[in-house]
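Have a look at the structure below, then the notes.
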Amino acid sequence: MMAAFRVSDKCNGCLGCVQNCPGRALDFRDDGEMRTLLHNPTRCARCATCYRVCPEHAVEFGALLEDRWEEFASLRILRCRECGEPVHTERLPDALDPKVREFVEPLCPRHKARATALTRRPEAAAASPLARGGAQ
Ligand code: SF4
Ligand code: SF4
């Protein structure tokens with residue numbers, strides 16, 4: 001995933017941003033010959049002090065202020081076998097107790113309620129398109 005806080009290659013490592021960050025959201029690590037700047041988004045107040053104090057205009061702050069959603073997982077979904085409405089992810093039943101898992105059907109709430117009602121009223125079930133496999 002692309003980090004929202006970014007510093008361009010104009011950064012000279014002066015640590016002005018680290019020293020002036022009120023949230024202590026910036027830090028650095030010296031490792032061998034290399035200095036690495038660190039940012040902790042949990043502590044970041046998005047106050048833009050780092051942006052203002054940077055003498056090289058290296059802090060690319062815009063991405064932190066964008067009102068956008070970042071994708072972090074993409075999972076295959078199962079759809080209601082009657083109407084095609086998304087029901088849950090394909091992997092969700094794996095998290096259930098095996099005794100429960102066998103009863104989980106790919107049905108939306110509307111068709112699940114209808115199927116349950118038909119189970120309770122066998123005479124209605126015989127007449128229902130659901131029971132014959134038809135969509136409703
Ligand atoms: S926006 Fe403010 S809190 Fe966040 S890293 Fe910059 S100076 Fe620190
Ligand atoms: S203030 Fe600017 S130049 Fe200095 S370390 Fe931070 S990003 Fe780099």
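Residue numbers start at 1 in each chain; chains themselves are named A, B, ... in the order of the structure tokens; ligands are numbered from 1 in the order shown.
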Show me, as number ranges by chain, the residues that have an atom within 7 Å of range 103-116 of chain A when counting only C-alpha atoms, minus same-chain residues fewer than 4 positions from it. A: 78-82, 85, 87, 120
Distance filter 9 Å around ligand 1, atoms: only C-alpha atoms and all ligand atoms, out as a compact mmCIF listing (two decimals) with C-alpha atoms, in the first residue's frame:
```txt
# COMPACT_ATOMS: atom_id res chain seq x y z
CA PHE A 5 2.89 10.63 4.06
CA CYS A 17 10.32 18.07 10.63
CA VAL A 18 11.12 15.46 13.27
CA GLN A 19 12.12 18.07 15.85
CA ASN A 20 9.06 20.23 15.27
CA CYS A 21 6.37 17.59 15.01
CA PRO A 22 3.95 18.25 17.91
CA GLY A 23 2.49 14.77 17.73
CA ARG A 24 5.87 12.98 17.85
CA ALA A 25 4.67 11.28 14.70
CA LEU A 26 8.03 11.67 12.97
CA HIS A 39 6.22 8.46 10.10
CA ASN A 40 3.56 7.03 12.39
CA PRO A 41 0.09 7.78 10.97
CA ARG A 43 0.12 9.78 16.01
CA CYS A 44 -0.14 12.23 13.12
CA ALA A 45 -2.56 15.12 13.71
CA ARG A 46 -2.30 16.30 10.08
CA CYS A 47 -1.34 19.73 11.38
CA ALA A 48 1.08 20.33 8.46
CA THR A 49 3.86 21.70 10.70
CA CYS A 50 6.29 19.36 8.94
CA TYR A 51 5.17 20.78 5.61
CA ARG A 52 5.68 24.37 6.78
CA VAL A 53 9.07 23.93 8.49
CA VAL A 59 7.19 17.02 2.52
CA PHE A 61 1.51 16.61 2.40
CA LEU A 64 -2.58 13.10 3.82
```
Neighbours of ligand 2 at 8 Å or closer, counting only C-alpha atoms and all ligand atoms: which residues, as a list in words?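 Every residue with an atom at most 8 Å from ligand 2 is listed here: Val7, Ser8, Lys10, Cys11, Asn12, Gly13, Cys14, Leu15, Gly16, Cys17, Val18, Leu37, Cys50, Tyr51, Val53, Cys54, Pro55, Glu56, His57, Ala58 and Val59 of chain A.
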Take the residues that were just selected and, keeping N, CA and C atoms, output them as an mmCIF file, in the first residue's frame.
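Wrote again_7.cif, looks like this:
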```cif
data_model
loop_
_atom_site.group_PDB
_atom_site.id
_atom_site.type_symbol
_atom_site.label_atom_id
_atom_site.label_comp_id
_atom_site.auth_asym_id
_atom_site.auth_seq_id
_atom_site.Cartn_x
_atom_site.Cartn_y
_atom_site.Cartn_z
ATOM 1 N N VAL A 7 7.843 11.994 1.372
ATOM 2 C CA VAL A 7 8.896 13.002 1.324
ATOM 3 C C VAL A 7 9.646 12.805 0.012
ATOM 4 N N SER A 8 9.872 13.894 -0.696
ATOM 5 C CA SER A 8 10.512 13.768 -2.011
ATOM 6 C C SER A 8 12.026 13.602 -1.867
ATOM 7 N N LYS A 10 14.112 15.639 -2.497
ATOM 8 C CA LYS A 10 14.747 16.917 -2.125
ATOM 9 C C LYS A 10 15.145 16.931 -0.649
ATOM 10 N N CYS A 11 14.647 15.971 0.131
ATOM 11 C CA CYS A 11 14.955 15.910 1.574
ATOM 12 C C CYS A 11 16.465 15.808 1.787
ATOM 13 N N ASN A 12 16.988 16.680 2.708
ATOM 14 C CA ASN A 12 18.427 16.623 3.003
ATOM 15 C C ASN A 12 18.712 16.003 4.369
ATOM 16 N N GLY A 13 17.670 15.509 5.039
ATOM 17 C CA GLY A 13 17.882 14.832 6.320
ATOM 18 C C GLY A 13 18.173 15.759 7.481
ATOM 19 N N CYS A 14 17.742 17.016 7.427
ATOM 20 C CA CYS A 14 18.056 17.984 8.493
ATOM 21 C C CYS A 14 17.329 17.681 9.796
ATOM 22 N N LEU A 15 16.267 16.926 9.732
ATOM 23 C CA LEU A 15 15.431 16.537 10.875
ATOM 24 C C LEU A 15 14.599 17.681 11.439
ATOM 25 N N GLY A 16 14.480 18.757 10.692
ATOM 26 C CA GLY A 16 13.624 19.854 11.133
ATOM 27 C C GLY A 16 12.189 19.397 11.348
ATOM 28 N N CYS A 17 11.694 18.567 10.496
ATOM 29 C CA CYS A 17 10.316 18.071 10.628
ATOM 30 C C CYS A 17 10.182 17.199 11.869
ATOM 31 N N VAL A 18 11.165 16.359 12.107
ATOM 32 C CA VAL A 18 11.116 15.458 13.265
ATOM 33 C C VAL A 18 11.121 16.273 14.558
ATOM 34 N N LEU A 37 13.912 8.341 7.553
ATOM 35 C CA LEU A 37 12.855 9.073 8.240
ATOM 36 C C LEU A 37 11.649 8.162 8.421
ATOM 37 N N CYS A 50 5.150 19.928 9.690
ATOM 38 C CA CYS A 50 6.286 19.360 8.940
ATOM 39 C C CYS A 50 6.372 19.998 7.556
ATOM 40 N N TYR A 51 5.244 20.174 6.940
ATOM 41 C CA TYR A 51 5.169 20.783 5.606
ATOM 42 C C TYR A 51 5.688 22.211 5.645
ATOM 43 N N VAL A 53 7.698 23.687 8.016
ATOM 44 C CA VAL A 53 9.068 23.927 8.486
ATOM 45 C C VAL A 53 10.127 23.362 7.537
ATOM 46 N N CYS A 54 9.757 22.502 6.660
ATOM 47 C CA CYS A 54 10.764 21.862 5.802
ATOM 48 C C CYS A 54 11.451 22.897 4.895
ATOM 49 N N PRO A 55 12.768 23.094 5.036
ATOM 50 C CA PRO A 55 13.461 24.106 4.238
ATOM 51 C C PRO A 55 13.586 23.721 2.762
ATOM 52 N N GLU A 56 13.386 22.450 2.475
ATOM 53 C CA GLU A 56 13.537 21.979 1.091
ATOM 54 C C GLU A 56 12.186 21.766 0.391
ATOM 55 N N HIS A 57 11.103 22.070 1.089
ATOM 56 C CA HIS A 57 9.755 21.806 0.536
ATOM 57 C C HIS A 57 9.656 20.355 0.053
ATOM 58 N N ALA A 58 10.178 19.480 0.898
ATOM 59 C CA ALA A 58 10.251 18.068 0.508
ATOM 60 C C ALA A 58 9.050 17.249 0.991
ATOM 61 N N VAL A 59 8.332 17.795 1.989
ATOM 62 C CA VAL A 59 7.195 17.024 2.519
ATOM 63 C C VAL A 59 6.022 17.145 1.557
#
```
Could you give me, as a short mmCIF file (atom, residue, chain, number, x, y, z; two decimals) with N, CA and C atoms, in the first residue's frame, the residues within 8 Å of range 90-102 of chain A, counting only C-alpha atoms and dropping anything in the same chain fewer than 5 positions from it?
```
data_model
loop_
_atom_site.label_atom_id
_atom_site.label_comp_id
_atom_site.auth_asym_id
_atom_site.auth_seq_id
_atom_site.Cartn_x
_atom_site.Cartn_y
_atom_site.Cartn_z
N LEU A 75 -11.63 -9.53 -1.77
CA LEU A 75 -12.05 -10.92 -1.55
C LEU A 75 -13.22 -11.27 -2.47
N ARG A 76 -13.22 -12.51 -2.91
CA ARG A 76 -14.31 -12.97 -3.77
C ARG A 76 -15.61 -13.04 -2.96
N ILE A 77 -16.73 -12.62 -3.58
CA ILE A 77 -18.01 -12.64 -2.87
C ILE A 77 -18.90 -13.75 -3.41
N LEU A 78 -19.80 -14.21 -2.53
CA LEU A 78 -20.87 -15.13 -2.95
C LEU A 78 -22.15 -14.33 -3.05
#
```
If I take CA of Ser74 in chain A and CA of Gly62 in chain A, how far is one from the other in Å, to one decimal? 25.9 Å
Atom pair CA of Ala4 in chain A / CA of His88 in chain A: separation (Å):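 Those two atoms sit 29.8 Å apart.
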Report the residues of chain A whose backbone DSSP state falls under alpha helix (DSSP H), written as JSON, numbers by chain. {"A": [16, 17, 18, 19, 20, 49, 50, 51, 52, 53, 62, 63, 64, 65, 98, 99, 100, 101, 109, 110, 111, 112, 113, 114, 115, 116, 117, 118, 119, 120, 122, 123, 124, 125, 126, 127]}
Those of chain A in DSSP strand (DSSP E), formatted as an MDAnalysis selection string: chainID A and resid 6:7 26:31 34:39 59:60 77:79 86:89
Quick one: pull the distance between CA of Glu60 in chain A and CA of Asp9 in chain A, Å, one decimal.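 Atom-to-atom, CA of Glu60 in chain A and CA of Asp9 in chain A are spaced 10.5 Å apart.
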